[in-house]
Amino acid sequence: MSSHFLSQLRDDSALQPKRWLWVAHDQLHPQLNPWAGESPEETGLIFIESRQRGNARPYHRQKLAFLLSNLRHRALEAQGEGHPVRYLFSDDDYGTVLAETAKELGSIHVLRSPEREIREQLKPAIGDGLLLEHEHGGWLTTREEFIDSVGDSPPFRMDAFYRHFRKVSGILMEDGSPEGGKYSHDGDNRQPWKGDPPAPEDPVFAVDSVDEEVTAMVLAEFPHHPGNIDLSRLPTTADQAEEALDFARSVIPEFGPYEDAFSEHSRALFHTRLASLLHLHRVLPEELLQVAIETPAPLNSREGLIRQLIWREYMHHIHEITDGFRTLDVPRSTAPCRDARWGDYSGNKTIGKSGGRERHPNRLSQKQPLPPAFWGQESGLRCLDATTTAVMEEGWTHHIPRLMILGNLASLLDIHPRELTDWFHVAFIDAYDWVVETNVLGMGTFAVGESMMTKPYISGTPYIQKMGDHCKACSFHPKKNCPISSLYWAYLERHGEAFEGNVRMAMPLRTLAKRSVEQKKADAKTFKEVLSTLQRGEILTPD
């Protein structure tokens, strides 16, 4: 319990506003309040810190601290705006706490949660009339717009949704046609970064007493969770969210060309780092969209950022329409564990969930356990080690290391897609079920097959060498003995039948067919040796 925080919080228990609204951790912007235009004294706000939520998974401590500090700061800000506030601490889940509170205060208003997990917790109390659900206003698009452009069943395709959004909104359009003559400028956004232009310094935020107290509390209350805490790297107040938005403005001009590049000299390069704030709705997507429209940045940078915003909407709609992929007709398998193997690695088995009986999407029947290298144990592959180090330190990397290093290597090693998804869920500060499941199961691993993507996002060594600089510091030579290309060919050999008839996989499969029997045997041997070495927690060497 945080005595300093509580000392700053006014006791509003005697106040009786016209209504009470629960403010979840991902609904923090004042404009999400359905009665934002009325006097703040009429709408009381309820905030909840739930230990059940914190211990549901072995969440990265940076993620817990970021979320809780933003929640506490928002409660203080709300009181400053004139709202009555009730701040509750509980060992129970949100649904239980709110149902009990409603018996005292009367029916409580809630916004529809983006997270399926929370919606399930609230469902009984909503059915009993204890909670009154309203639509969440923090999205740029509606479910109807998604269905009109994409449909309500697979295959789902981003291009149709994105074009529909551009046409209906008129954004980056001229006389009914896209500016620059095409909707996507992705082909212009694949330049490697060689140090020029210089990467910006990462933003640093002032740490106040609330941040310090939350940091101490998380370290004390969640001692067995992974990761470091440094809240100077993250915005936790409304003012700091504005600072983060200003930083985004400054990097957008160079964002486009180097969107896919990654470097050990700058983990973010020209990425805005705003996903974590967008998912908490500290910054509304419409605010960032307006910045992207108004900035004098080149068209490919503006378009690239807008496309990322619409990708976020696309993922949200797919997750809701498919009930978290539960309605998809796709091959499935159970997952032996649900704590991303943190219990095996840390020795603490008390956090998270056992595998259970639920069957998860697994198009390619990939069932290998997540190796300890994903928890920061050295693997010998510099690209993987540098990326997991960033995750353990910050709970963050930008989307290309997530996709083309973490997701790529896990796919090439046949890691169970659910285990990788669970790892992303606990390890990244911006990961929640609606966004992490769609991105990892749907894109990063091909677990839902052609339902979302036309091909798996896999690569050998050349892509990693071209787009990043990890190979320079690696003990493996990218052209002589790096095992990643052999893993790539071994993957295609194992799963080639699944891609028969897939036009986008035709070329790599033709190249695979030209590899000799001896080469294929060597590929398979490399796969087995790399997998077994990493699963033992040992370091790969060129020997």
# chains A, B, ... in the order shown; residues from 1 in each chain; ligands from 1
$ select_by_dssp --residues "stretch 378-533 of chain A" --states "helix (DSSP H, G or I)" --output "number ranges by chain"
A: 382-394, 399-412, 417-427, 433-444, 449-451, 461-467, 470-473, 484-499, 503-514, 517-533
$ closest_atom_pairs --of "stretch 212-284 of chain A" --to "stretch 343-367 of chain A" --cutoff "10 Å" --atoms "only C-alpha atoms" --output "JSON lines"
{"residue": "A:Phe222", "atom": "CA", "partner": "A:Ile351", "partner_atom": "CA", "distance": 9.8}
{"residue": "A:His224", "atom": "CA", "partner": "A:Asn348", "partner_atom": "CA", "distance": 6.9}
{"residue": "A:His225", "atom": "CA", "partner": "A:Ile351", "partner_atom": "CA", "distance": 8.3}
{"residue": "A:Pro226", "atom": "CA", "partner": "A:Ser346", "partner_atom": "CA", "distance": 8.5}
$ select_by_dssp --residues "stretch 183-359 of chain A" --states "strand (DSSP E)" --output "list in words"
Arg332, Ser333, Thr334 and Arg359 of chain A
$ closest_residue --among "A:Arg53, A:Phe499, A:Pro30, A:Arg119" --to "A:Glu81" --atoms "only C-alpha atoms"
A:Pro30
$ atom_distance --atom1 "atom CA of A:Thr511" --atom2 "atom CA of A:Lys466"
20.3 Å
$ residues_around --residues "A:Lys194" --least-positions-apart "4" --cutoff "9 Å" --atoms "only C-alpha atoms" --output "list in words"
Ser263, Gly468 and Asp469 of chain A
$ residues_around --residues "A:Arg282" --least-positions-apart "6" --cutoff "7 Å" --atoms "only C-alpha atoms" --output "CSV table (one decimal) with N, CA, C and O atoms, in the first residue's frame"
chain,number,residue,atom,x,y,z
A,28,LEU,N,-7.4,5.7,-20.1
A,28,LEU,CA,-7.0,6.8,-19.2
A,28,LEU,C,-7.2,8.2,-19.8
A,28,LEU,O,-7.1,9.2,-19.0
A,29,HIS,N,-7.5,8.4,-21.0
A,29,HIS,CA,-7.7,9.7,-21.6
A,29,HIS,C,-9.0,10.3,-21.1
A,29,HIS,O,-10.1,9.7,-21.1
A,241,ALA,N,3.0,12.6,-21.4
A,241,ALA,CA,2.4,12.1,-22.6
A,241,ALA,C,2.4,13.1,-23.7
A,241,ALA,O,2.7,12.8,-24.9
$ residues_around --residues "A:Gly537" --least-positions-apart "5" --cutoff "7 Å" --atoms "only C-alpha atoms" --output "ChimeraX atom specification"
/A:371-373
$ atom_distance --atom1 "atom CA of A:Arg273" --atom2 "atom CA of A:Ile405"
18.7 Å
$ residues_around --residues "A:Ala340" --least-positions-apart "5" --cutoff "8 Å" --atoms "only C-alpha atoms" --output "PDB file with N, CA and C atoms, in the first residue's frame"
ATOM      1  N   LEU A 370       9.733 -22.962 -25.581  1.00  0.00           N
ATOM      2  CA  LEU A 370      10.494 -21.720 -25.692  1.00  0.00           C
ATOM      3  C   LEU A 370      11.828 -21.878 -24.964  1.00  0.00           C
ATOM      4  N   GLU A 419       3.301 -20.479 -26.798  1.00  0.00           N
ATOM      5  CA  GLU A 419       4.362 -20.148 -25.847  1.00  0.00           C
ATOM      6  C   GLU A 419       5.038 -18.840 -26.230  1.00  0.00           C
ATOM      7  N   LEU A 420       5.288 -18.653 -27.517  1.00  0.00           N
ATOM      8  CA  LEU A 420       5.888 -17.390 -27.946  1.00  0.00           C
ATOM      9  C   LEU A 420       4.944 -16.225 -27.683  1.00  0.00           C
ATOM     10  N   ASP A 422       2.616 -16.013 -25.375  1.00  0.00           N
ATOM     11  CA  ASP A 422       2.593 -15.752 -23.941  1.00  0.00           C
ATOM     12  C   ASP A 422       3.837 -14.984 -23.505  1.00  0.00           C
ATOM     13  N   TRP A 423       4.972 -15.306 -24.119  1.00  0.00           N
ATOM     14  CA  TRP A 423       6.201 -14.574 -23.782  1.00  0.00           C
ATOM     15  C   TRP A 423       6.073 -13.110 -24.182  1.00  0.00           C
TER      16      TRP A 423
END
$ closest_residue --among "A:Val210, A:Ile48, A:Val435, A:Ile310" --to "A:Thr141" --atoms "only C-alpha atoms"
A:Ile310
$ closest_atom_pairs --of "stretch 268-376 of chain A" --to "stretch 381-387 of chain A" --cutoff "10 Å" --atoms "only C-alpha atoms" --output "JSON lines"
{"residue": "A:Ala373", "atom": "CA", "partner": "A:Asp385", "partner_atom": "CA", "distance": 7.4}
{"residue": "A:Phe374", "atom": "CA", "partner": "A:Leu384", "partner_atom": "CA", "distance": 8.0}
{"residue": "A:Trp375", "atom": "CA", "partner": "A:Asp385", "partner_atom": "CA", "distance": 9.6}
{"residue": "A:Gly376", "atom": "CA", "partner": "A:Asp385", "partner_atom": "CA", "distance": 6.8}
$ residues_around --residues "A:Gln8" --least-positions-apart "5" --cutoff "12 Å" --atoms "only C-alpha atoms" --output "VMD selection string"
chain A and resid 2 to 3 72 to 73 75 to 77 79 to 80 87 209 to 210
$ atom_distance --atom1 "atom CA of A:Arg267" --atom2 "atom CA of A:Ala390"
7.7 Å
$ closest_residue --among "A:Ser451, A:Thr541, A:Ser411, A:Asn33" --to "A:Arg112" --atoms "only C-alpha atoms"
A:Asn33
